[in-house]
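Q: Coordinates in work-v2.txt, compact mmCIF, C-alpha atoms, are listed below.
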# COMPACT_ATOMS: atom_id res chain seq x y z
CA MET A 1 104.05 70.38 81.07
CA ARG A 2 103.14 74.02 80.91
CA LYS A 3 104.38 76.18 78.08
CA ILE A 4 104.02 79.93 78.19
CA ILE A 5 104.25 81.89 74.98
CA LEU A 6 104.39 85.69 74.85
CA ALA A 7 103.05 87.04 71.57
CA SER A 8 103.11 90.64 70.42
CA HIS A 9 103.13 93.11 67.60
CA GLY A 10 106.80 93.90 67.25
CA GLU A 11 109.22 93.17 70.03
CA LEU A 12 107.22 93.80 73.18
CA ALA A 13 107.22 90.05 73.88
CA LYS A 14 110.98 89.89 73.61
CA GLY A 15 111.44 92.90 75.86
CA MET A 16 108.93 91.54 78.36
CA LEU A 17 110.91 88.32 78.61
CA ASN A 18 114.05 90.34 79.21
CA SER A 19 112.39 92.29 82.03
CA LEU A 20 110.95 89.14 83.58
CA THR A 21 114.38 87.54 83.62
CA MET A 22 115.64 90.37 85.77
CA ILE A 23 113.06 89.55 88.40
CA VAL A 24 112.67 85.79 88.31
CA GLY A 25 115.86 84.57 86.65
CA ASP A 26 115.75 81.04 85.28
CA LEU A 27 112.05 80.66 85.89
CA VAL A 28 111.63 82.11 82.42
CA SER A 29 113.60 79.26 80.84
CA ASN A 30 110.62 77.66 79.17
CA ILE A 31 108.89 80.80 78.01
CA GLU A 32 108.77 81.29 74.27
CA VAL A 33 108.20 84.53 72.42
CA PHE A 34 106.52 85.37 69.17
CA CYS A 35 107.08 88.80 67.64
CA LEU A 36 104.97 89.75 64.67
CA TYR A 37 106.86 91.87 62.16
CA PRO A 38 105.44 94.05 59.39
CA GLY A 39 104.30 91.99 56.44
CA GLU A 40 103.80 88.82 58.45
CA ASN A 41 100.44 87.18 58.87
CA PRO A 42 99.51 86.18 62.40
CA MET A 43 97.19 83.49 61.02
CA ASP A 44 100.27 81.69 59.69
CA TYR A 45 101.74 81.74 63.16
CA ALA A 46 98.52 80.48 64.72
CA GLU A 47 98.35 77.63 62.23
CA SER A 48 101.96 76.73 62.95
CA GLN A 49 101.01 76.31 66.58
CA ARG A 50 98.00 74.12 65.97
CA PRO A 51 99.76 70.71 65.64
CA ARG A 52 101.56 70.83 68.97
CA ILE A 53 98.50 72.11 70.78
CA LYS A 54 96.33 69.48 69.12
CA ALA A 55 98.77 66.78 70.23
CA GLY A 56 97.33 67.49 73.66
CA ASP A 57 100.32 66.58 75.82
CA ASP A 58 101.12 70.02 77.19
CA GLU A 59 99.25 73.00 78.52
CA PHE A 60 99.81 76.05 76.30
CA ILE A 61 99.30 79.50 77.75
CA TYR A 62 99.54 82.32 75.23
CA VAL A 63 99.81 85.86 76.50
CA CYS A 64 99.14 88.52 73.86
CA ASP A 65 99.68 92.23 73.88
CA VAL A 66 96.48 93.91 72.83
CA LYS A 67 92.92 92.64 73.06
CA GLY A 68 91.33 92.28 69.66
CA GLY A 69 94.66 92.79 67.90
CA SER A 70 95.47 90.49 65.02
CA VAL A 71 97.78 88.33 67.11
CA HIS A 72 95.09 87.88 69.72
CA THR A 73 92.28 87.16 67.30
CA ALA A 74 94.39 84.71 65.31
CA LEU A 75 95.21 82.75 68.45
CA MET A 76 91.63 82.90 69.70
CA GLU A 77 90.67 80.22 67.22
CA LEU A 78 92.96 77.78 68.98
CA THR A 79 91.09 78.05 72.24
CA VAL A 80 88.86 75.28 70.90
CA TYR A 81 91.50 73.00 72.36
CA PRO A 82 91.03 72.57 76.10
CA ASN A 83 94.79 72.65 76.73
CA MET A 84 95.11 76.07 75.08
CA LYS A 85 94.57 79.14 77.29
CA LEU A 86 94.80 82.70 76.10
CA PHE A 87 95.41 85.97 77.91
CA CYS A 88 95.62 89.44 76.43
CA GLY A 89 96.76 92.77 77.80
CA MET A 90 100.15 91.46 78.83
CA ASN A 91 101.84 93.28 81.66
CA MET A 92 104.50 92.47 84.22
CA ASN A 93 102.06 91.86 87.05
CA LEU A 94 100.09 89.37 85.02
CA LEU A 95 103.18 87.46 83.98
CA LEU A 96 104.81 87.49 87.39
CA GLY A 97 101.59 86.18 88.89
CA LEU A 98 101.39 83.48 86.25
CA LEU A 99 104.98 82.42 86.83
CA LEU A 100 105.14 82.66 90.58
CA SER A 101 101.74 82.05 92.06
CA CYS A 102 99.65 80.06 89.68
CA PRO A 103 100.58 76.38 89.73
CA LYS A 104 97.20 75.46 88.28
CA LEU A 105 95.43 77.65 85.77
CA ASP A 106 91.64 77.41 85.89
CA GLU A 107 88.78 79.89 85.71
CA SER A 108 89.17 81.10 89.29
CA SER A 109 92.96 81.36 89.34
CA ALA A 110 92.83 83.13 85.97
CA GLN A 111 90.37 85.64 87.40
CA LYS A 112 92.67 86.28 90.36
CA LEU A 113 95.61 86.85 88.03
CA LEU A 114 93.57 89.35 86.06
CA ASP A 115 92.43 91.17 89.20
CA ASP A 116 96.00 91.48 90.45
CA ALA A 117 97.26 92.59 87.04
CA ARG A 118 94.55 95.22 86.79
CA SER A 119 95.26 96.54 90.26
CA GLY A 120 98.86 97.04 89.16
CA ILE A 121 97.75 99.67 86.68
CA ASP A 122 97.41 103.04 88.32
CA TYR A 123 97.64 106.76 87.84
CA MET A 124 99.18 109.40 90.07
CA SER A 125 99.56 113.11 89.53
CA THR A 126 100.37 114.03 93.08
CA VAL A 127 101.91 112.38 96.09
CA VAL A 128 99.43 109.83 97.34
CA GLU A 129 98.76 108.53 100.81
CA VAL A 130 98.91 104.78 101.20
CA GLU A 131 97.43 103.11 104.23
CA ASP A 132 99.74 101.68 106.87
CA ASP A 133 99.84 98.00 107.69
CA ASP A 134 100.61 96.86 111.20
CA PHE A 135 100.93 93.48 112.89
CA MET B 1 107.85 82.74 112.67
CA ILE B 2 110.74 84.29 110.78
CA LYS B 3 111.17 82.86 107.28
CA LYS B 4 114.04 85.03 106.15
CA MET B 5 116.10 88.09 106.90
CA ARG B 6 117.55 89.97 103.97
CA VAL B 7 119.93 92.85 103.48
CA ASP B 8 118.95 94.96 100.48
CA HIS B 9 119.72 98.65 100.11
CA ARG B 10 116.73 99.00 97.82
CA LEU B 11 114.53 97.42 100.51
CA LEU B 12 111.33 96.32 98.74
CA HIS B 13 111.47 96.18 94.94
CA GLY B 14 110.35 93.87 92.15
CA GLN B 15 112.80 91.04 92.78
CA VAL B 16 112.02 91.04 96.45
CA ALA B 17 108.30 91.70 96.34
CA PHE B 18 107.59 89.02 93.77
CA SER B 19 110.30 86.42 93.73
CA TRP B 20 111.39 86.20 97.34
CA THR B 21 108.01 86.57 98.94
CA GLN B 22 106.67 83.74 96.79
CA ALA B 23 109.71 81.53 97.11
CA ILE B 24 109.77 81.56 100.89
CA GLY B 25 105.99 81.64 101.31
CA ALA B 26 105.96 84.82 103.39
CA ASP B 27 102.65 86.45 104.30
CA CYS B 28 104.14 89.51 105.99
CA ILE B 29 107.10 91.68 105.07
CA LEU B 30 108.71 93.73 107.82
CA ILE B 31 110.88 96.57 106.60
CA ALA B 32 113.09 97.54 109.53
CA ASN B 33 114.65 100.88 108.71
CA ASP B 34 115.17 104.22 110.43
CA GLY B 35 115.98 106.47 107.48
CA ILE B 36 112.75 105.77 105.66
CA PHE B 37 110.78 107.72 108.25
CA GLN B 38 112.43 110.89 107.00
CA ASP B 39 111.31 110.29 103.43
CA SER B 40 107.56 110.15 102.94
CA ILE B 41 107.69 109.60 99.19
CA LYS B 42 110.04 106.67 99.55
CA MET B 43 107.76 105.35 102.27
CA THR B 44 104.75 105.56 99.96
CA ALA B 45 106.73 103.89 97.20
CA LEU B 46 107.53 100.99 99.49
CA LYS B 47 103.90 100.51 100.41
CA LEU B 48 102.96 100.50 96.74
CA ALA B 49 105.42 97.69 96.07
CA LYS B 50 103.31 95.44 98.26
CA PRO B 51 102.50 92.13 96.58
CA SER B 52 98.86 91.06 96.66
CA GLY B 53 97.84 89.10 99.74
CA VAL B 54 100.89 90.13 101.74
CA LYS B 55 101.10 92.59 104.60
CA VAL B 56 103.90 95.16 104.50
CA VAL B 57 104.84 96.64 107.86
CA ILE B 58 107.41 99.42 108.10
CA LYS B 59 109.05 100.11 111.45
CA THR B 60 112.22 101.60 112.84
CA LEU B 61 114.88 99.14 113.91
CA ALA B 62 114.06 99.68 117.57
CA ASP B 63 110.31 99.23 117.03
CA SER B 64 110.95 96.15 114.90
CA ILE B 65 112.94 94.58 117.69
CA THR B 66 110.22 95.41 120.22
CA ALA B 67 107.54 93.95 117.97
CA ILE B 68 109.41 90.71 117.31
CA GLN B 69 110.34 90.28 120.96
CA SER B 70 106.76 90.86 122.06
CA GLY B 71 105.59 87.83 120.07
CA VAL B 72 103.12 89.82 118.00
CA THR B 73 104.85 88.66 114.81
CA ASP B 74 104.82 84.97 115.73
CA LYS B 75 101.67 84.23 113.79
CA TYR B 76 103.15 85.50 110.55
CA LYS B 77 105.49 83.92 108.09
CA LEU B 78 107.74 86.89 108.39
CA PHE B 79 110.17 88.20 105.81
CA ILE B 80 112.43 90.85 107.34
CA ILE B 81 114.25 93.31 105.12
CA VAL B 82 116.94 95.68 106.32
CA GLU B 83 119.01 98.16 104.38
CA SER B 84 122.50 97.44 105.58
CA ILE B 85 124.78 94.84 107.07
CA GLN B 86 124.99 96.94 110.20
CA ASP B 87 121.20 96.99 110.62
CA ALA B 88 121.11 93.25 110.05
CA LYS B 89 123.72 92.74 112.73
CA ILE B 90 121.87 94.88 115.26
CA LEU B 91 118.48 93.34 114.57
CA SER B 92 119.65 89.75 114.40
CA ALA B 93 121.62 90.06 117.63
CA ALA B 94 118.58 91.48 119.41
CA ILE B 95 116.23 88.74 118.31
CA GLY B 96 118.68 85.84 118.24
CA TRP B 97 118.45 85.07 114.53
CA LYS B 98 121.57 83.83 112.79
CA GLU B 99 120.79 83.38 109.14
CA ILE B 100 121.01 86.32 106.78
CA ASN B 101 120.54 86.64 103.06
CA LEU B 102 122.88 89.25 101.64
CA GLY B 103 120.92 90.55 98.69
CA GLY B 104 122.48 93.81 97.68
CA THR B 105 124.36 96.80 99.00
CA LYS B 106 125.16 99.94 97.11
CA ALA B 107 128.29 100.21 95.00
CA ASP B 108 130.54 103.02 96.14
CA GLU B 109 134.09 104.18 95.85
CA GLY B 110 136.43 102.37 98.20
CA LYS B 111 134.03 99.46 98.65
CA ARG B 112 135.04 95.95 97.89
CA GLN B 113 132.83 94.03 95.48
CA LEU B 114 131.94 90.54 96.69
CA SER B 115 129.36 89.67 94.05
CA LYS B 116 127.35 91.28 91.28
CA ALA B 117 125.22 93.20 93.75
CA LEU B 118 127.16 93.16 96.99
CA PHE B 119 129.69 95.84 97.89
CA ILE B 120 131.19 96.18 101.35
CA THR B 121 133.29 98.65 103.28
CA LYS B 122 136.15 97.66 105.56
CA ASP B 123 133.82 98.09 108.54
CA GLU B 124 131.23 95.86 106.98
CA GLU B 125 133.84 93.24 106.28
CA MET B 126 134.69 93.30 109.99
CA MET B 127 131.03 92.92 110.89
CA ILE B 128 130.72 89.96 108.56
CA GLN B 129 133.80 88.37 110.14
CA GLU B 130 132.35 88.91 113.61
CA MET B 131 129.03 87.38 112.63
CA LEU B 132 130.73 84.39 111.03
CA ALA B 133 132.80 83.92 114.16
CA ALA B 134 129.55 83.96 116.14
CA GLY B 135 128.19 81.12 114.02
CA TYR B 136 126.04 83.06 111.57
CA GLU B 137 125.07 81.71 108.20
CA LEU B 138 125.53 84.49 105.68
CA ASN B 139 124.47 83.76 102.14
CA VAL B 140 124.81 85.89 99.07
CA GLN B 141 121.86 85.55 96.72
CA MET B 142 120.05 88.17 94.70
CA ILE B 143 117.02 86.22 93.53
CA PRO B 144 115.73 82.78 94.53
CA ALA B 145 116.41 81.33 91.08
CA GLU B 146 120.07 82.10 91.57
CA LYS B 147 122.48 79.90 93.53
CA SER B 148 123.04 80.83 97.14
CA VAL B 149 126.72 81.37 97.88
CA ASP B 150 128.27 81.24 101.34
CA VAL B 151 129.88 84.61 101.97
CA LYS B 152 132.93 82.83 103.40
CA THR B 153 133.91 81.74 99.92
CA LEU B 154 133.89 85.33 98.68
CA LEU B 155 135.90 87.08 101.38
What's the structure tokens form of this structure?
A:
Amino acid sequence: MRKIILASHGELAKGMLNSLTMIVGDLVSNIEVFCLYPGENPMDYAESQRPRIKAGDDEFIYVCDVKGGSVHTALMELTVYPNMKLFCGMNMNLLLGLLLSCPKLDESSAQKLLDDARSGIDYMSTVVEVEDDDF
Amino acid sequence: MIKKMRVDHRLLHGQVAFSWTQAIGADCILIANDGIFQDSIKMTALKLAKPSGVKVVIKTLADSITAIQSGVTDKYKLFIIVESIQDAKILSAAIGWKEINLGGTKADEGKRQLSKALFITKDEEMMIQEMLAAGYELNVQMIPAEKSVDVKTLL
């Protein structure tokens, strides 16, 4: 089975789960969250995860907030296990893609998720023109 | 091929763009709406809500009917979104489609609330009754993960 875990500094992960629920409802039922609070050591969290990942029965997909942050780097060590996959730079597009359109996570589907998530980040300072689609 | 027709006063938004499009396997979303052509910012916003790999076509009700009748939409797995029950009634009658997902209509004074997101006027209630009498299937469902409820049980 696939397990998705959102991990963040503070409560971004919790809030992200709340926002996802609004869009996909019960699909979030087996998502877990980890929020790192001041004074806690992310290495302790990573170590606490090791046994169940090592057991090898499930696929674990961790989605962290910031690349190179302590949560991300602590979890990076667990990618030695082939059933452990790690994303960083969590955003709604990435998670919606993961939940809705990625039945199998491999190198190419991961790349597509990242491309879509990146294209969801944009900047506007004036009214933009968007191309029309037609049949 | 039409996969679904939905009434949603917000037209295309997160729940629709992501959840519904995926759940029904649509590759083309047709937004059939007249008012949107008077509001270029709203129009742009709709186009931006486009999920990756899916076409979003915006047409007036009349042009939507013409397009569907012409057969040009046949090759798509089409997801049609309209703003109101009235628009749904007009469009569905013109193209002979009898299954409508009632997603959401705006809350307003004097409207009757049928579900969390569905509010109807007296006129709309009449339209629903007429459609039911004509053999329509009208289901209330906001997101795919939620249970679909036959509108009959809510009236």
Q: What does the distance between atom CA of Pro42 of chain A and atom CA of Asp65 of chain A come to in Å, to one decimal place?
A: 13.0 Å
Q: Output the contact residues of chain A with respect to chain B at a cut-off of 12 Å, based on only C-alpha atoms, as a ChimeraX atom specification.
A: /A:19-29,92-103,112-122,124,126-135
Q: For segment 103-119 of chain B, list every protein, DNA or RNA residue within 8 Å, evaluated using only C-alpha atoms, and leave out those in the same chain fewer than 4 positions away; present the list as a JSON list (two decimals) with C-alpha atoms, in the coordinates of the input.
A:
[["chain", "number", "residue", "atom", "x", "y", "z"],
["B", 6, "ARG", "CA", 117.55, 89.97, 103.97],
["B", 7, "VAL", "CA", 119.93, 92.85, 103.48],
["B", 8, "ASP", "CA", 118.95, 94.96, 100.48],
["B", 9, "HIS", "CA", 119.72, 98.65, 100.11],
["B", 10, "ARG", "CA", 116.73, 99.00, 97.82],
["B", 83, "GLU", "CA", 119.01, 98.16, 104.38],
["B", 84, "SER", "CA", 122.50, 97.44, 105.58],
["B", 140, "VAL", "CA", 124.81, 85.89, 99.07],
["B", 141, "GLN", "CA", 121.86, 85.55, 96.72],
["B", 142, "MET", "CA", 120.05, 88.17, 94.70],
["B", 143, "ILE", "CA", 117.02, 86.22, 93.53],
["B", 154, "LEU", "CA", 133.89, 85.33, 98.68],
["B", 155, "LEU", "CA", 135.90, 87.08, 101.38]]
Q: To one decimal in Å, tell me the separation between atom CA of Gly69 of chain A and atom CA of Asn83 of chain A.
A: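 Interatomic distance here is 22.0 Å.
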Q: Counting only C-alpha atoms, what is within 12 Å of Asp44 of chain A, bar same-chain residues fewer than 3 positions away, as number ranges by chain?
A: A: 34, 36, 39-41, 47-50, 70-71, 74-75
Q: Is it possible to get the axis-aligned box enclosing segment 83-89 of chain A (all listed atoms, 6 Å extra per side) as lines of an AutoDock Vina configuration file, with centre and edge lengths in Å rounded to one decimal?
A:
center_x = 95.7
center_y = 82.7
center_z = 76.5
size_x = 14.2
size_y = 32.1
size_z = 14.8
Q: I need the residue nearest Leu105 of chain A from this list: A:Leu78, A:Ile61, A:Cys88, A:Val33. Use only C-alpha atoms for the distance.
A: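 Distance minimum relative to Leu105 of chain A lands on A:Ile61.
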Q: Could you jot down the atom CA of Ile53 of chain A to atom CA of Ala7 of chain A separation for me, Å, one decimal place?
A: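 About the pair atom CA of Ile53 of chain A and atom CA of Ala7 of chain A: they are 15.6 Å apart.
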Q: When you count only C-alpha atoms, which of these residues is closest to Ile31 of chain B: B:Ile65, B:Ile80, B:Met5, B:Gly71?
A: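 Using only C-alpha atoms, Ile31 of chain B sits closest to B:Ile80.
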Q: For the point (91.7, 69.7, 67.7) in the file's frame, write as a PyMOL selection string all residues with an atom no more than 9 Å away, counting only C-alpha atoms.
A: chain A and resi 50-51+53-56+78+80-82
Q: Identify which of the residues B:Leu12, B:Leu61, B:Ile85, B:Ala26 lies closest to Met126 of chain B, counting only C-alpha atoms when measuring atom-to-atom distances.
A: B:Ile85
Q: Could segment 116-132 of chain A be written out with N, CA, C and O atoms, as a CSV table (one decimal), in the first residue's frame, please?
A:
chain,number,residue,atom,x,y,z
A,116,ASP,N,4.4,19.7,-13.6
A,116,ASP,CA,3.0,20.3,-13.4
A,116,ASP,C,3.0,21.2,-12.1
A,116,ASP,O,2.4,22.3,-12.2
A,117,ALA,N,3.7,20.7,-11.1
A,117,ALA,CA,3.7,21.5,-9.8
A,117,ALA,C,4.4,22.9,-10.1
A,117,ALA,O,4.0,23.9,-9.6
A,118,ARG,N,5.5,22.8,-10.9
A,118,ARG,CA,6.3,24.0,-11.1
A,118,ARG,C,5.5,25.0,-12.0
A,118,ARG,O,5.5,26.2,-11.8
A,119,SER,N,4.7,24.4,-13.0
A,119,SER,CA,4.0,25.3,-13.9
A,119,SER,C,2.8,25.9,-13.1
A,119,SER,O,2.2,26.9,-13.6
A,120,GLY,N,2.5,25.4,-11.9
A,120,GLY,CA,1.5,26.0,-11.1
A,120,GLY,C,1.9,27.2,-10.3
A,120,GLY,O,1.2,27.9,-9.6
A,121,ILE,N,3.2,27.5,-10.4
A,121,ILE,CA,3.8,28.6,-9.7
A,121,ILE,C,3.9,29.8,-10.7
A,121,ILE,O,4.6,29.5,-11.8
A,122,ASP,N,3.4,30.9,-10.5
A,122,ASP,CA,3.4,31.9,-11.5
A,122,ASP,C,3.4,33.3,-10.8
A,122,ASP,O,3.2,33.5,-9.6
A,123,TYR,N,3.6,34.3,-11.6
A,123,TYR,CA,3.6,35.7,-11.2
A,123,TYR,C,2.8,36.6,-12.1
A,123,TYR,O,2.9,36.4,-13.3
A,124,MET,N,2.0,37.4,-11.6
A,124,MET,CA,1.2,38.4,-12.5
A,124,MET,C,1.2,39.7,-11.8
A,124,MET,O,0.9,39.8,-10.6
A,125,SER,N,1.4,40.7,-12.6
A,125,SER,CA,1.3,42.1,-12.0
A,125,SER,C,0.4,42.9,-12.9
A,125,SER,O,0.1,44.1,-12.6
A,126,THR,N,-0.2,42.3,-13.9
A,126,THR,CA,-1.1,43.0,-14.7
A,126,THR,C,-2.1,41.9,-15.3
A,126,THR,O,-1.8,40.7,-15.2
A,127,VAL,N,-3.1,42.3,-15.9
A,127,VAL,CA,-4.1,41.3,-16.4
A,127,VAL,C,-3.4,40.6,-17.6
A,127,VAL,O,-2.9,41.3,-18.5
A,128,VAL,N,-3.4,39.3,-17.6
A,128,VAL,CA,-2.7,38.6,-18.6
A,128,VAL,C,-3.6,38.0,-19.7
A,128,VAL,O,-4.8,37.9,-19.4
A,129,GLU,N,-3.1,37.8,-20.8
A,129,GLU,CA,-3.9,37.1,-21.9
A,129,GLU,C,-3.6,35.6,-21.8
A,129,GLU,O,-2.4,35.3,-21.8
A,130,VAL,N,-4.6,34.8,-21.9
A,130,VAL,CA,-4.4,33.4,-21.9
A,130,VAL,C,-5.0,32.9,-23.2
A,130,VAL,O,-6.1,33.3,-23.6
A,131,GLU,N,-4.2,32.0,-23.9
A,131,GLU,CA,-4.7,31.5,-25.2
A,131,GLU,C,-6.0,30.8,-25.1
A,131,GLU,O,-6.3,30.1,-24.1
A,132,ASP,N,-6.8,30.9,-26.1
A,132,ASP,CA,-8.1,30.2,-26.2
A,132,ASP,C,-7.9,28.8,-26.7
A,132,ASP,O,-7.1,28.5,-27.5
